[in-house]
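Notes follow the structure.
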Amino acid sequence: MAKERLDKIIASTGKWSRREAKELARHGLVAVNGAVIRSVEEKFDPESVGITVRGEALCYRRYTWIMLNKPAGYLSARSDGQGETVLDLLPRELGKQELFPVGRLDKDTEGLLLLTNEGSLAHALLSPKRHVDKVYYARTAGRLTEEDRQAFADGLSLGDGLRCLPAGLEILSSGEESEAHVILREGKFHQVKRMLASRGKPVVYLERVQMGNLPLDRGLSRGSFRFLTEEEIAGLRALV
Ligand code: URA
C-alpha cells in the first residue's frame, strides 16, 4: 500500500485528530517499529509497520465503518446547504475521511445508518441482487392484517407503477395503530412508507433496526455512533 503521513494514519482510527497526533509525537509518545518518531510528516506504509501510541498498538484500518443511531431531523446526505446532515453528528476529525451514508433514511426516519468510505462494499450491500435484508420497525395508522402480509409476500404493485420485490411483513401488534417489522432487500425512495400507504395503513413512525446480520446497537443513544468491530466488518463482507 502507498505510504501515508504518520498523522493521517493515526487520525484514521478516529481516536485522535491530526493536531493531537502531532502533539503526541512531539511528546515522544508515538513509535514506529519500536523507534520514537517525533515528526508526523514522515511517511510510512501503514499495513507493513507496527505503530504504537502511548505504548498501545494502533489498529490501522484502510476503510472506516461507522454505525450511527440516526435521530429524526437529519438528512442522509454528505452535505446540504439547507439542513443538518448525519455527518454533522460525527466529530470534526472524521470529516476528512470522505464518509458517506450507506443508503438513505428519510429525514424523519430513525435508527441504524452505516457510514463508510469503502464504496465497493457499500454498493454491494445495497444491491437487490445480493439479497441483503434491511429490517424496519414501523408503526402504522390502521389495522394490519394477514392480507397485508400476503400482499407484501407476493410483491406489491404501487399506484405509481413501481413493482416491489417480495417483502416480509411481520405483524407485531394490530389495532387502531399497528406495529410491524418490514423486511426489504431493495431500497426505493420512501419504499416502506409507500408500500404501507398503498395498503391504506400510513406509517406514523419508522426506524431501521437491522441491515443484513447487523442489528442496531441498542447501547447507542439516538445521535451517537461507534466504529464497527473487525468481526462486524468481516460479517458484512461475508454477505456479499
Ligand atoms: N423506507 C422509507 O419509506 N423511508 C426510509 O427512510 C427508509 C425506507
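In the C-alpha cells, each chain is lettered A, B, ... as it comes, each chain's residues begin at 1, and ligands are numbered from 1 in order of appearance.
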
Each residue of chain A with at least one atom at most 9 Å from ligand 1 should appear once, together with its nearest atom pair and the corresponding distance in Å (one decimal); atoms considered: only C-alpha atoms and all ligand atoms; ordering: chain, then increasing residue number; output as JSON lines.
```
{"residue": "A:Gly103", "atom": "CA", "partner": "ligand 1", "partner_atom_place_in_ligand_line": "7 (C)", "distance": 8.8}
{"residue": "A:Arg104", "atom": "CA", "partner": "ligand 1", "partner_atom_place_in_ligand_line": "6 (O)", "distance": 6.4}
{"residue": "A:Leu105", "atom": "CA", "partner": "ligand 1", "partner_atom_place_in_ligand_line": "6 (O)", "distance": 3.4}
{"residue": "A:Asp106", "atom": "CA", "partner": "ligand 1", "partner_atom_place_in_ligand_line": "6 (O)", "distance": 3.7}
{"residue": "A:Lys107", "atom": "CA", "partner": "ligand 1", "partner_atom_place_in_ligand_line": "6 (O)", "distance": 7.1}
{"residue": "A:Asp108", "atom": "CA", "partner": "ligand 1", "partner_atom_place_in_ligand_line": "6 (O)", "distance": 7.2}
{"residue": "A:Thr109", "atom": "CA", "partner": "ligand 1", "partner_atom_place_in_ligand_line": "6 (O)", "distance": 4.8}
{"residue": "A:Glu110", "atom": "CA", "partner": "ligand 1", "partner_atom_place_in_ligand_line": "6 (O)", "distance": 7.6}
{"residue": "A:Lys134", "atom": "CA", "partner": "ligand 1", "partner_atom_place_in_ligand_line": "8 (C)", "distance": 8.7}
{"residue": "A:Tyr136", "atom": "CA", "partner": "ligand 1", "partner_atom_place_in_ligand_line": "8 (C)", "distance": 7.4}
{"residue": "A:Leu184", "atom": "CA", "partner": "ligand 1", "partner_atom_place_in_ligand_line": "8 (C)", "distance": 8.7}
{"residue": "A:Gly187", "atom": "CA", "partner": "ligand 1", "partner_atom_place_in_ligand_line": "8 (C)", "distance": 6.4}
{"residue": "A:Lys188", "atom": "CA", "partner": "ligand 1", "partner_atom_place_in_ligand_line": "1 (N)", "distance": 7.3}
{"residue": "A:Phe189", "atom": "CA", "partner": "ligand 1", "partner_atom_place_in_ligand_line": "3 (O)", "distance": 6.6}
{"residue": "A:His190", "atom": "CA", "partner": "ligand 1", "partner_atom_place_in_ligand_line": "3 (O)", "distance": 3.2}
{"residue": "A:Gln191", "atom": "CA", "partner": "ligand 1", "partner_atom_place_in_ligand_line": "1 (N)", "distance": 4.2}
{"residue": "A:Val192", "atom": "CA", "partner": "ligand 1", "partner_atom_place_in_ligand_line": "1 (N)", "distance": 3.9}
{"residue": "A:Lys193", "atom": "CA", "partner": "ligand 1", "partner_atom_place_in_ligand_line": "3 (O)", "distance": 3.9}
{"residue": "A:Arg194", "atom": "CA", "partner": "ligand 1", "partner_atom_place_in_ligand_line": "3 (O)", "distance": 6.3}
{"residue": "A:Met195", "atom": "CA", "partner": "ligand 1", "partner_atom_place_in_ligand_line": "3 (O)", "distance": 8.0}
{"residue": "A:Leu196", "atom": "CA", "partner": "ligand 1", "partner_atom_place_in_ligand_line": "3 (O)", "distance": 8.8}
{"residue": "A:Val203", "atom": "CA", "partner": "ligand 1", "partner_atom_place_in_ligand_line": "3 (O)", "distance": 8.3}
{"residue": "A:Leu206", "atom": "CA", "partner": "ligand 1", "partner_atom_place_in_ligand_line": "4 (N)", "distance": 7.1}
{"residue": "A:Glu207", "atom": "CA", "partner": "ligand 1", "partner_atom_place_in_ligand_line": "6 (O)", "distance": 7.7}
{"residue": "A:Arg208", "atom": "CA", "partner": "ligand 1", "partner_atom_place_in_ligand_line": "7 (C)", "distance": 7.2}
```

Generate the output file for the selected residues, N, CA and C atoms, as a short mmCIF file (atom, residue, chain, number, x, y, z; two decimals), in the first residue's frame.
```cif
data_model
loop_
_atom_site.label_atom_id
_atom_site.label_comp_id
_atom_site.auth_asym_id
_atom_site.auth_seq_id
_atom_site.Cartn_x
_atom_site.Cartn_y
_atom_site.Cartn_z
N GLY A 103 -26.79 4.02 1.80
CA GLY A 103 -28.23 4.12 1.57
C GLY A 103 -28.79 5.29 2.35
N ARG A 104 -30.04 5.59 2.05
CA ARG A 104 -30.64 6.77 2.67
C ARG A 104 -31.76 6.39 3.61
N LEU A 105 -31.84 7.12 4.70
CA LEU A 105 -33.05 7.09 5.53
C LEU A 105 -33.70 8.47 5.38
N ASP A 106 -35.04 8.49 5.36
CA ASP A 106 -35.73 9.78 5.26
C ASP A 106 -35.37 10.65 6.45
N LYS A 107 -35.61 11.93 6.30
CA LYS A 107 -35.27 12.88 7.38
C LYS A 107 -35.95 12.47 8.70
N ASP A 108 -37.19 11.98 8.61
CA ASP A 108 -37.90 11.66 9.86
C ASP A 108 -37.71 10.19 10.29
N THR A 109 -36.94 9.41 9.54
CA THR A 109 -36.69 8.01 9.92
C THR A 109 -35.51 7.95 10.88
N GLU A 110 -35.62 7.06 11.86
CA GLU A 110 -34.56 6.93 12.85
C GLU A 110 -33.85 5.57 12.69
N LYS A 134 -32.91 -5.49 4.76
CA LYS A 134 -32.96 -4.34 5.66
C LYS A 134 -34.26 -4.47 6.44
N TYR A 136 -37.04 -2.95 9.09
CA TYR A 136 -37.58 -1.70 9.63
C TYR A 136 -38.66 -2.03 10.65
N LEU A 184 -37.03 -5.73 3.72
CA LEU A 184 -36.84 -5.42 2.30
C LEU A 184 -35.44 -5.79 1.87
N GLY A 187 -34.27 -0.79 -1.90
CA GLY A 187 -34.41 0.45 -1.16
C GLY A 187 -34.81 1.60 -2.05
N LYS A 188 -36.04 1.51 -2.56
CA LYS A 188 -36.53 2.60 -3.41
C LYS A 188 -36.95 3.77 -2.52
N PHE A 189 -37.04 4.93 -3.14
CA PHE A 189 -37.40 6.16 -2.42
C PHE A 189 -38.67 5.98 -1.59
N HIS A 190 -38.62 6.27 -0.30
CA HIS A 190 -39.78 6.17 0.61
C HIS A 190 -40.46 4.80 0.52
N GLN A 191 -39.70 3.75 0.31
CA GLN A 191 -40.34 2.48 -0.06
C GLN A 191 -41.29 1.93 1.01
N VAL A 192 -40.83 1.89 2.26
CA VAL A 192 -41.69 1.31 3.30
C VAL A 192 -42.98 2.14 3.43
N LYS A 193 -42.79 3.46 3.42
CA LYS A 193 -43.98 4.33 3.57
C LYS A 193 -44.94 4.14 2.40
N ARG A 194 -44.37 4.02 1.19
CA ARG A 194 -45.24 3.87 0.00
C ARG A 194 -45.93 2.50 0.02
N MET A 195 -45.22 1.48 0.45
CA MET A 195 -45.84 0.14 0.46
C MET A 195 -46.99 0.10 1.47
N LEU A 196 -46.75 0.64 2.65
CA LEU A 196 -47.81 0.57 3.67
C LEU A 196 -48.96 1.52 3.32
N VAL A 203 -47.64 5.08 7.48
CA VAL A 203 -46.62 4.99 8.54
C VAL A 203 -46.69 6.23 9.42
N LEU A 206 -41.06 5.35 11.82
CA LEU A 206 -40.23 4.36 11.12
C LEU A 206 -38.81 4.39 11.68
N GLU A 207 -38.30 3.19 11.93
CA GLU A 207 -36.93 3.05 12.45
C GLU A 207 -36.28 1.85 11.76
N ARG A 208 -35.06 2.01 11.26
CA ARG A 208 -34.36 0.82 10.74
C ARG A 208 -33.68 0.14 11.91
#
```

Near-A:Ala122 list (12 Å; only C-alpha atoms; drop same-chain fewer than 6 positions) as a compact mmCIF listing (two decimals) with N, CA, C and O atoms, in the first residue's frame:
```
# COMPACT_ATOMS: atom_id res chain seq x y z
N TYR A 63 -10.21 1.25 5.63
CA TYR A 63 -11.52 1.90 5.47
C TYR A 63 -12.16 2.09 6.83
O TYR A 63 -11.92 1.32 7.75
N THR A 64 -12.99 3.09 6.91
CA THR A 64 -13.71 3.37 8.16
C THR A 64 -15.16 2.91 8.00
O THR A 64 -15.78 3.17 6.97
N TRP A 65 -15.64 2.22 9.01
CA TRP A 65 -17.05 1.81 9.04
C TRP A 65 -17.64 2.25 10.38
O TRP A 65 -17.12 1.90 11.43
N ILE A 66 -18.74 2.97 10.29
CA ILE A 66 -19.37 3.54 11.48
C ILE A 66 -20.84 3.16 11.52
O ILE A 66 -21.51 3.15 10.49
N LEU A 99 -16.50 10.17 4.32
CA LEU A 99 -17.53 9.18 4.65
C LEU A 99 -18.84 9.53 3.96
O LEU A 99 -19.13 10.71 3.75
N PHE A 100 -19.60 8.51 3.62
CA PHE A 100 -20.93 8.74 3.06
C PHE A 100 -21.89 7.71 3.65
O PHE A 100 -21.45 6.62 4.06
N PRO A 101 -23.18 8.03 3.71
CA PRO A 101 -24.14 7.08 4.26
C PRO A 101 -24.38 5.91 3.30
O PRO A 101 -24.42 6.10 2.09
N VAL A 102 -24.51 4.72 3.85
CA VAL A 102 -24.79 3.52 3.05
C VAL A 102 -26.31 3.44 2.88
O VAL A 102 -27.02 2.93 3.73
N GLY A 103 -26.79 4.02 1.80
CA GLY A 103 -28.23 4.12 1.57
C GLY A 103 -28.79 5.29 2.35
O GLY A 103 -28.11 5.88 3.19
N ARG A 104 -30.04 5.59 2.05
CA ARG A 104 -30.64 6.77 2.67
C ARG A 104 -31.76 6.39 3.61
O ARG A 104 -32.52 5.48 3.33
N LEU A 113 -27.92 3.48 10.68
CA LEU A 113 -27.36 4.01 9.44
C LEU A 113 -25.85 3.76 9.47
O LEU A 113 -25.18 4.16 10.42
N LEU A 114 -25.36 3.07 8.45
CA LEU A 114 -23.92 2.85 8.34
C LEU A 114 -23.31 3.97 7.53
O LEU A 114 -23.92 4.46 6.58
N LEU A 115 -22.11 4.36 7.92
CA LEU A 115 -21.34 5.33 7.13
C LEU A 115 -19.98 4.73 6.88
O LEU A 115 -19.41 4.08 7.75
N THR A 116 -19.47 4.96 5.69
CA THR A 116 -18.18 4.38 5.33
C THR A 116 -17.50 5.20 4.25
O THR A 116 -18.11 6.13 3.69
N ARG A 130 -27.91 -8.86 -4.19
CA ARG A 130 -27.15 -9.50 -3.12
C ARG A 130 -28.02 -10.01 -1.98
O ARG A 130 -27.52 -10.61 -1.03
N VAL A 132 -29.36 -8.64 0.62
CA VAL A 132 -29.06 -8.22 2.00
C VAL A 132 -30.31 -7.55 2.56
O VAL A 132 -30.71 -6.47 2.11
N MET A 211 -29.50 -4.37 9.38
CA MET A 211 -29.03 -4.43 7.99
C MET A 211 -28.26 -5.71 7.86
O MET A 211 -27.24 -5.89 8.54
N ILE A 233 -17.33 -6.01 10.45
CA ILE A 233 -16.99 -5.67 9.05
C ILE A 233 -16.82 -6.97 8.25
O ILE A 233 -17.32 -7.09 7.13
N LEU A 236 -20.15 -8.30 7.32
CA LEU A 236 -20.77 -7.61 6.18
C LEU A 236 -20.14 -8.11 4.86
O LEU A 236 -20.85 -8.36 3.88
N ARG A 237 -18.81 -8.27 4.87
CA ARG A 237 -18.14 -8.76 3.66
C ARG A 237 -18.66 -10.14 3.27
O ARG A 237 -18.83 -10.44 2.10
N LEU A 239 -21.49 -11.27 3.54
CA LEU A 239 -22.85 -11.24 2.98
C LEU A 239 -22.84 -11.07 1.47
O LEU A 239 -23.81 -11.40 0.80
N VAL A 240 -21.78 -10.45 0.96
CA VAL A 240 -21.81 -10.11 -0.48
C VAL A 240 -20.82 -10.91 -1.28
O VAL A 240 -19.96 -10.95 -1.64
```

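Proximity to A:Trp16 was assessed for A:Ala167, A:Asn69, A:Pro91, A:Ala2 counting only C-alpha atoms; the smallest distance is recorded for A:Pro91.
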
Can you list, as a PyMOL selection string, every residue of stretch 28-217 of chain A that DSSP puts in helix (DSSP H, G or I)? chain A and resi 86-89+92-97+119-126+128-130+146-154+191-198

Output file for the residues above (N, CA and C atoms, as a short mmCIF file (atom, residue, chain, number, x, y, z; two decimals), in the first residue's frame):
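Here's the written file part_8.cif:
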```cif
data_model
loop_
_atom_site.label_atom_id
_atom_site.label_comp_id
_atom_site.auth_asym_id
_atom_site.auth_seq_id
_atom_site.Cartn_x
_atom_site.Cartn_y
_atom_site.Cartn_z
N VAL A 86 -26.44 13.88 8.52
CA VAL A 86 -25.93 12.91 9.50
C VAL A 86 -24.44 13.12 9.77
N LEU A 87 -23.72 13.68 8.81
CA LEU A 87 -22.28 13.90 9.02
C LEU A 87 -22.04 14.95 10.10
N ASP A 88 -23.03 15.81 10.33
CA ASP A 88 -22.89 16.81 11.40
C ASP A 88 -22.91 16.16 12.78
N LEU A 89 -23.29 14.87 12.85
CA LEU A 89 -23.32 14.17 14.14
C LEU A 89 -21.98 13.53 14.48
N ARG A 92 -15.38 16.33 14.20
CA ARG A 92 -14.78 17.01 13.04
C ARG A 92 -13.61 16.24 12.45
N GLU A 93 -12.86 15.53 13.31
CA GLU A 93 -11.66 14.87 12.77
C GLU A 93 -12.01 13.75 11.78
N LEU A 94 -13.28 13.31 11.80
CA LEU A 94 -13.68 12.29 10.82
C LEU A 94 -14.08 12.93 9.48
N GLY A 95 -14.19 14.26 9.50
CA GLY A 95 -14.67 14.98 8.32
C GLY A 95 -13.80 14.77 7.09
N LYS A 96 -12.52 14.51 7.30
CA LYS A 96 -11.61 14.39 6.14
C LYS A 96 -11.63 12.99 5.53
N GLN A 97 -12.39 12.11 6.11
CA GLN A 97 -12.33 10.72 5.63
C GLN A 97 -13.30 10.41 4.50
N GLY A 119 -16.46 2.32 -0.93
CA GLY A 119 -17.55 2.36 -1.90
C GLY A 119 -18.01 1.00 -2.39
N SER A 120 -17.06 0.10 -2.70
CA SER A 120 -17.46 -1.16 -3.34
C SER A 120 -18.34 -1.99 -2.41
N LEU A 121 -17.95 -2.12 -1.14
CA LEU A 121 -18.76 -2.92 -0.22
C LEU A 121 -20.11 -2.24 0.06
N ALA A 122 -20.07 -0.92 0.18
CA ALA A 122 -21.32 -0.18 0.43
C ALA A 122 -22.32 -0.44 -0.70
N HIS A 123 -21.85 -0.35 -1.93
CA HIS A 123 -22.77 -0.53 -3.05
C HIS A 123 -23.27 -1.97 -3.13
N ALA A 124 -22.39 -2.92 -2.84
CA ALA A 124 -22.82 -4.32 -2.87
C ALA A 124 -23.92 -4.57 -1.83
N LEU A 125 -23.78 -3.96 -0.65
CA LEU A 125 -24.78 -4.19 0.40
C LEU A 125 -26.15 -3.65 0.01
N LEU A 126 -26.15 -2.65 -0.87
CA LEU A 126 -27.43 -2.03 -1.26
C LEU A 126 -28.05 -2.69 -2.49
N PRO A 128 -30.03 -5.03 -4.78
CA PRO A 128 -31.07 -6.05 -4.55
C PRO A 128 -30.59 -7.45 -4.92
N LYS A 129 -29.63 -7.53 -5.86
CA LYS A 129 -29.14 -8.85 -6.30
C LYS A 129 -28.43 -9.59 -5.18
N ARG A 130 -27.91 -8.86 -4.19
CA ARG A 130 -27.15 -9.50 -3.12
C ARG A 130 -28.02 -10.01 -1.98
N GLU A 146 -53.58 -10.20 7.87
CA GLU A 146 -52.97 -11.31 7.15
C GLU A 146 -52.94 -11.02 5.63
N GLU A 147 -53.98 -10.31 5.13
CA GLU A 147 -54.00 -9.97 3.69
C GLU A 147 -52.83 -9.02 3.35
N ASP A 148 -52.56 -8.11 4.27
CA ASP A 148 -51.41 -7.21 4.04
C ASP A 148 -50.12 -8.04 3.98
N ARG A 149 -49.98 -8.97 4.90
CA ARG A 149 -48.77 -9.81 4.94
C ARG A 149 -48.61 -10.57 3.62
N GLN A 150 -49.73 -11.13 3.16
CA GLN A 150 -49.69 -11.90 1.92
C GLN A 150 -49.35 -11.01 0.72
N ALA A 151 -49.93 -9.79 0.70
CA ALA A 151 -49.67 -8.86 -0.41
C ALA A 151 -48.19 -8.49 -0.45
N PHE A 152 -47.59 -8.27 0.72
CA PHE A 152 -46.14 -7.99 0.76
C PHE A 152 -45.36 -9.19 0.22
N ALA A 153 -45.75 -10.38 0.66
CA ALA A 153 -45.02 -11.60 0.26
C ALA A 153 -45.13 -11.83 -1.25
N ASP A 154 -46.27 -11.45 -1.84
CA ASP A 154 -46.47 -11.66 -3.28
C ASP A 154 -45.69 -10.64 -4.12
N GLN A 191 -39.70 3.75 0.31
CA GLN A 191 -40.34 2.48 -0.06
C GLN A 191 -41.29 1.93 1.01
N VAL A 192 -40.83 1.89 2.26
CA VAL A 192 -41.69 1.31 3.30
C VAL A 192 -42.98 2.14 3.43
N LYS A 193 -42.79 3.46 3.42
CA LYS A 193 -43.98 4.33 3.57
C LYS A 193 -44.94 4.14 2.40
N ARG A 194 -44.37 4.02 1.19
CA ARG A 194 -45.24 3.87 0.00
C ARG A 194 -45.93 2.50 0.02
N MET A 195 -45.22 1.48 0.45
CA MET A 195 -45.84 0.14 0.46
C MET A 195 -46.99 0.10 1.47
N LEU A 196 -46.75 0.64 2.65
CA LEU A 196 -47.81 0.57 3.67
C LEU A 196 -48.96 1.52 3.32
N ALA A 197 -48.62 2.68 2.74
CA ALA A 197 -49.69 3.61 2.33
C ALA A 197 -50.57 2.96 1.26
N SER A 198 -49.97 2.15 0.38
CA SER A 198 -50.75 1.52 -0.69
C SER A 198 -51.75 0.52 -0.12
#
```

Please return as an NGL selection string: the residues of stretch 70-223 of chain A that backbone DSSP assigns to strand (DSSP E or B). :A and (70 or 75 or 85 or 100-101 or 110-116 or 134-141 or 157 or 163 or 168-173 or 177-184 or 203-211 or 214-215)

For the selection just defined, write its residues with N, CA and C atoms to a file, as a compact mmCIF listing (two decimals), in the first residue's frame.
```txt
# COMPACT_ATOMS: atom_id res chain seq x y z
N LYS A 70 -29.37 7.00 13.98
CA LYS A 70 -29.83 8.29 13.43
C LYS A 70 -31.07 8.79 14.15
N LEU A 75 -30.63 14.83 7.51
CA LEU A 75 -30.66 14.28 6.15
C LEU A 75 -29.55 13.26 5.98
N THR A 85 -27.02 17.45 8.25
CA THR A 85 -26.91 16.09 7.71
C THR A 85 -26.35 15.18 8.79
N PHE A 100 -19.60 8.51 3.62
CA PHE A 100 -20.93 8.74 3.06
C PHE A 100 -21.89 7.71 3.65
N PRO A 101 -23.18 8.03 3.71
CA PRO A 101 -24.14 7.08 4.26
C PRO A 101 -24.38 5.91 3.30
N GLU A 110 -35.62 7.06 11.86
CA GLU A 110 -34.56 6.93 12.85
C GLU A 110 -33.85 5.57 12.69
N GLY A 111 -32.80 5.38 13.48
CA GLY A 111 -32.21 4.05 13.59
C GLY A 111 -30.91 3.85 12.86
N LEU A 112 -30.69 2.58 12.49
CA LEU A 112 -29.38 2.12 12.00
C LEU A 112 -29.00 2.74 10.66
N LEU A 113 -27.92 3.48 10.68
CA LEU A 113 -27.36 4.01 9.44
C LEU A 113 -25.85 3.76 9.47
N LEU A 114 -25.36 3.07 8.45
CA LEU A 114 -23.92 2.85 8.34
C LEU A 114 -23.31 3.97 7.53
N LEU A 115 -22.11 4.36 7.92
CA LEU A 115 -21.34 5.33 7.13
C LEU A 115 -19.98 4.73 6.88
N THR A 116 -19.47 4.96 5.69
CA THR A 116 -18.18 4.38 5.33
C THR A 116 -17.50 5.20 4.25
N LYS A 134 -32.91 -5.49 4.76
CA LYS A 134 -32.96 -4.34 5.66
C LYS A 134 -34.26 -4.47 6.44
N VAL A 135 -34.17 -4.39 7.75
CA VAL A 135 -35.36 -4.61 8.58
C VAL A 135 -35.76 -3.28 9.23
N TYR A 136 -37.04 -2.95 9.09
CA TYR A 136 -37.58 -1.70 9.63
C TYR A 136 -38.66 -2.03 10.65
N TYR A 137 -38.68 -1.24 11.73
CA TYR A 137 -39.80 -1.29 12.66
C TYR A 137 -40.73 -0.15 12.24
N ALA A 138 -41.98 -0.49 11.96
CA ALA A 138 -42.93 0.54 11.50
C ALA A 138 -44.15 0.55 12.40
N ARG A 139 -44.61 1.77 12.73
CA ARG A 139 -45.92 1.91 13.39
C ARG A 139 -46.84 2.54 12.36
N THR A 140 -48.01 1.96 12.21
CA THR A 140 -48.92 2.46 11.18
C THR A 140 -50.24 2.88 11.80
N ALA A 141 -50.91 3.79 11.12
CA ALA A 141 -52.30 4.06 11.46
C ALA A 141 -53.11 2.96 10.77
N SER A 157 -47.63 -4.04 -6.16
CA SER A 157 -47.53 -3.08 -7.26
C SER A 157 -48.11 -1.77 -6.75
N ARG A 163 -43.12 -1.80 -9.15
CA ARG A 163 -43.38 -3.21 -8.79
C ARG A 163 -42.31 -3.60 -7.77
N GLY A 168 -41.03 -8.99 3.40
CA GLY A 168 -41.60 -9.55 4.63
C GLY A 168 -42.41 -8.51 5.39
N LEU A 169 -43.51 -8.95 5.97
CA LEU A 169 -44.28 -8.10 6.89
C LEU A 169 -44.59 -8.97 8.10
N GLU A 170 -43.90 -8.74 9.18
CA GLU A 170 -44.15 -9.50 10.42
C GLU A 170 -44.95 -8.60 11.35
N ILE A 171 -46.21 -8.95 11.53
CA ILE A 171 -47.09 -8.09 12.32
C ILE A 171 -46.81 -8.33 13.81
N LEU A 172 -46.47 -7.27 14.51
CA LEU A 172 -46.13 -7.38 15.94
C LEU A 172 -47.34 -7.09 16.81
N SER A 173 -48.19 -6.16 16.34
CA SER A 173 -49.45 -5.89 17.05
C SER A 173 -50.39 -5.27 16.04
N GLU A 177 -53.81 1.44 15.87
CA GLU A 177 -52.44 1.63 15.43
C GLU A 177 -51.80 0.25 15.46
N SER A 178 -50.97 -0.06 14.46
CA SER A 178 -50.34 -1.38 14.42
C SER A 178 -48.83 -1.24 14.39
N GLU A 179 -48.15 -2.33 14.71
CA GLU A 179 -46.68 -2.35 14.66
C GLU A 179 -46.25 -3.56 13.84
N ALA A 180 -45.17 -3.37 13.09
CA ALA A 180 -44.67 -4.49 12.29
C ALA A 180 -43.20 -4.33 11.99
N HIS A 181 -42.56 -5.45 11.67
CA HIS A 181 -41.25 -5.41 11.05
C HIS A 181 -41.45 -5.58 9.54
N VAL A 182 -40.85 -4.68 8.78
CA VAL A 182 -40.89 -4.78 7.32
C VAL A 182 -39.50 -5.17 6.87
N ILE A 183 -39.43 -6.22 6.05
CA ILE A 183 -38.11 -6.73 5.63
C ILE A 183 -37.98 -6.58 4.12
N LEU A 184 -37.03 -5.73 3.72
CA LEU A 184 -36.84 -5.42 2.30
C LEU A 184 -35.44 -5.79 1.87
N VAL A 203 -47.64 5.08 7.48
CA VAL A 203 -46.62 4.99 8.54
C VAL A 203 -46.69 6.23 9.42
N VAL A 204 -46.68 6.02 10.72
CA VAL A 204 -46.59 7.17 11.63
C VAL A 204 -45.23 7.24 12.31
N TYR A 205 -44.49 6.13 12.26
CA TYR A 205 -43.13 6.14 12.82
C TYR A 205 -42.33 5.04 12.13
N LEU A 206 -41.06 5.35 11.82
CA LEU A 206 -40.23 4.36 11.12
C LEU A 206 -38.81 4.39 11.68
N GLU A 207 -38.30 3.19 11.93
CA GLU A 207 -36.93 3.05 12.45
C GLU A 207 -36.28 1.85 11.76
N ARG A 208 -35.06 2.01 11.26
CA ARG A 208 -34.36 0.82 10.74
C ARG A 208 -33.68 0.14 11.91
N VAL A 209 -33.90 -1.17 12.02
CA VAL A 209 -33.37 -1.91 13.18
C VAL A 209 -32.31 -2.93 12.80
N GLN A 210 -32.15 -3.24 11.53
CA GLN A 210 -31.15 -4.24 11.14
C GLN A 210 -30.77 -4.07 9.67
N MET A 211 -29.50 -4.37 9.38
CA MET A 211 -29.03 -4.43 7.99
C MET A 211 -28.26 -5.71 7.86
N LEU A 214 -26.46 -7.37 10.86
CA LEU A 214 -26.01 -6.35 11.82
C LEU A 214 -27.21 -5.63 12.44
N PRO A 215 -27.52 -5.95 13.71
CA PRO A 215 -28.64 -5.24 14.35
C PRO A 215 -28.20 -3.87 14.86
```

Distance of atom CA of A:His27 from atom CA of A:Arg62, expressed in Å to one decimal place: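 A separation of 26.3 Å between them.
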
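Using only C-alpha atoms, the nearest neighbour of A:Arg38 within the list A:Leu6, A:Leu156, A:Met1, A:Ala25 is A:Ala25.
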
Counting only C-alpha atoms, which of A:Gly155, A:Gly142, A:Gly235, A:Gly50 gets nearest to A:Glu186?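 Counting only C-alpha atoms, the residue closest to A:Glu186 is A:Gly155.
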
Counting only C-alpha atoms, which residue out of A:Pro46, A:Gly223, A:Gly28, A:Gly161 sits closest to A:Pro71?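 Counting only C-alpha atoms, the residue closest to A:Pro71 is A:Gly223.
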
So that I can check the surroundings of stretch 52-56 of chain A, please list as a compact mmCIF listing (two decimals) with all heavy atoms, in the first residue's frame every protein, DNA and RNA residue that reaches within 9 Å of it, counting only C-alpha atoms and ignoring chain neighbours fewer than 4 positions away.
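File written: out-v4.txt
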```
# COMPACT_ATOMS: atom_id res chain seq x y z
N ILE A 10 -2.61 8.00 12.05
CA ILE A 10 -3.11 7.99 13.44
C ILE A 10 -4.55 8.51 13.48
O ILE A 10 -5.41 7.96 14.16
CB ILE A 10 -2.17 8.82 14.35
CG1 ILE A 10 -0.81 8.11 14.44
CG2 ILE A 10 -2.77 8.99 15.75
CD1 ILE A 10 0.26 8.91 15.16
N ALA A 21 -2.38 14.11 17.06
CA ALA A 21 -1.31 13.18 16.69
C ALA A 21 0.04 13.90 16.71
O ALA A 21 1.05 13.37 17.19
CB ALA A 21 -1.59 12.61 15.30
N LEU A 24 1.08 14.35 20.32
CA LEU A 24 1.53 13.07 20.90
C LEU A 24 2.96 12.77 20.43
O LEU A 24 3.82 12.38 21.22
CB LEU A 24 0.59 11.94 20.47
CG LEU A 24 -0.78 11.92 21.16
CD1 LEU A 24 -1.77 11.06 20.37
CD2 LEU A 24 -0.65 11.38 22.58
N ALA A 25 3.20 12.98 19.13
CA ALA A 25 4.53 12.69 18.59
C ALA A 25 5.56 13.65 19.19
O ALA A 25 6.66 13.24 19.56
CB ALA A 25 4.50 12.81 17.07
N GLY A 28 6.94 12.52 22.28
CA GLY A 28 7.66 11.25 22.24
C GLY A 28 6.78 10.04 22.53
O GLY A 28 7.27 8.99 22.96
N LEU A 29 5.46 10.18 22.27
CA LEU A 29 4.53 9.09 22.62
C LEU A 29 4.15 8.22 21.42
O LEU A 29 3.31 7.34 21.53
CB LEU A 29 3.26 9.69 23.24
CG LEU A 29 3.52 10.42 24.57
CD1 LEU A 29 2.29 11.20 25.01
CD2 LEU A 29 3.91 9.41 25.65
N VAL A 30 4.76 8.50 20.27
CA VAL A 30 4.45 7.71 19.07
C VAL A 30 5.72 6.97 18.62
O VAL A 30 6.79 7.58 18.55
CB VAL A 30 3.96 8.63 17.93
CG1 VAL A 30 3.73 7.83 16.66
CG2 VAL A 30 2.67 9.34 18.34
N ALA A 31 5.58 5.69 18.37
CA ALA A 31 6.73 4.91 17.90
C ALA A 31 6.34 4.11 16.68
O ALA A 31 5.19 3.66 16.54
CB ALA A 31 7.21 3.97 19.00
N VAL A 32 7.30 3.95 15.77
CA VAL A 32 7.10 3.11 14.58
C VAL A 32 8.18 2.03 14.60
O VAL A 32 9.37 2.35 14.68
CB VAL A 32 7.18 3.95 13.29
CG1 VAL A 32 7.03 3.04 12.07
CG2 VAL A 32 6.12 5.03 13.28
N ASN A 33 7.73 0.80 14.58
CA ASN A 33 8.64 -0.36 14.71
C ASN A 33 9.58 -0.18 15.91
O ASN A 33 10.78 -0.44 15.84
CB ASN A 33 9.45 -0.56 13.42
CG ASN A 33 8.56 -1.05 12.29
OD1 ASN A 33 7.47 -1.57 12.54
ND2 ASN A 33 9.00 -0.88 11.06
N GLY A 34 9.03 0.35 16.98
CA GLY A 34 9.80 0.47 18.23
C GLY A 34 10.62 1.75 18.36
O GLY A 34 11.11 2.06 19.44
```
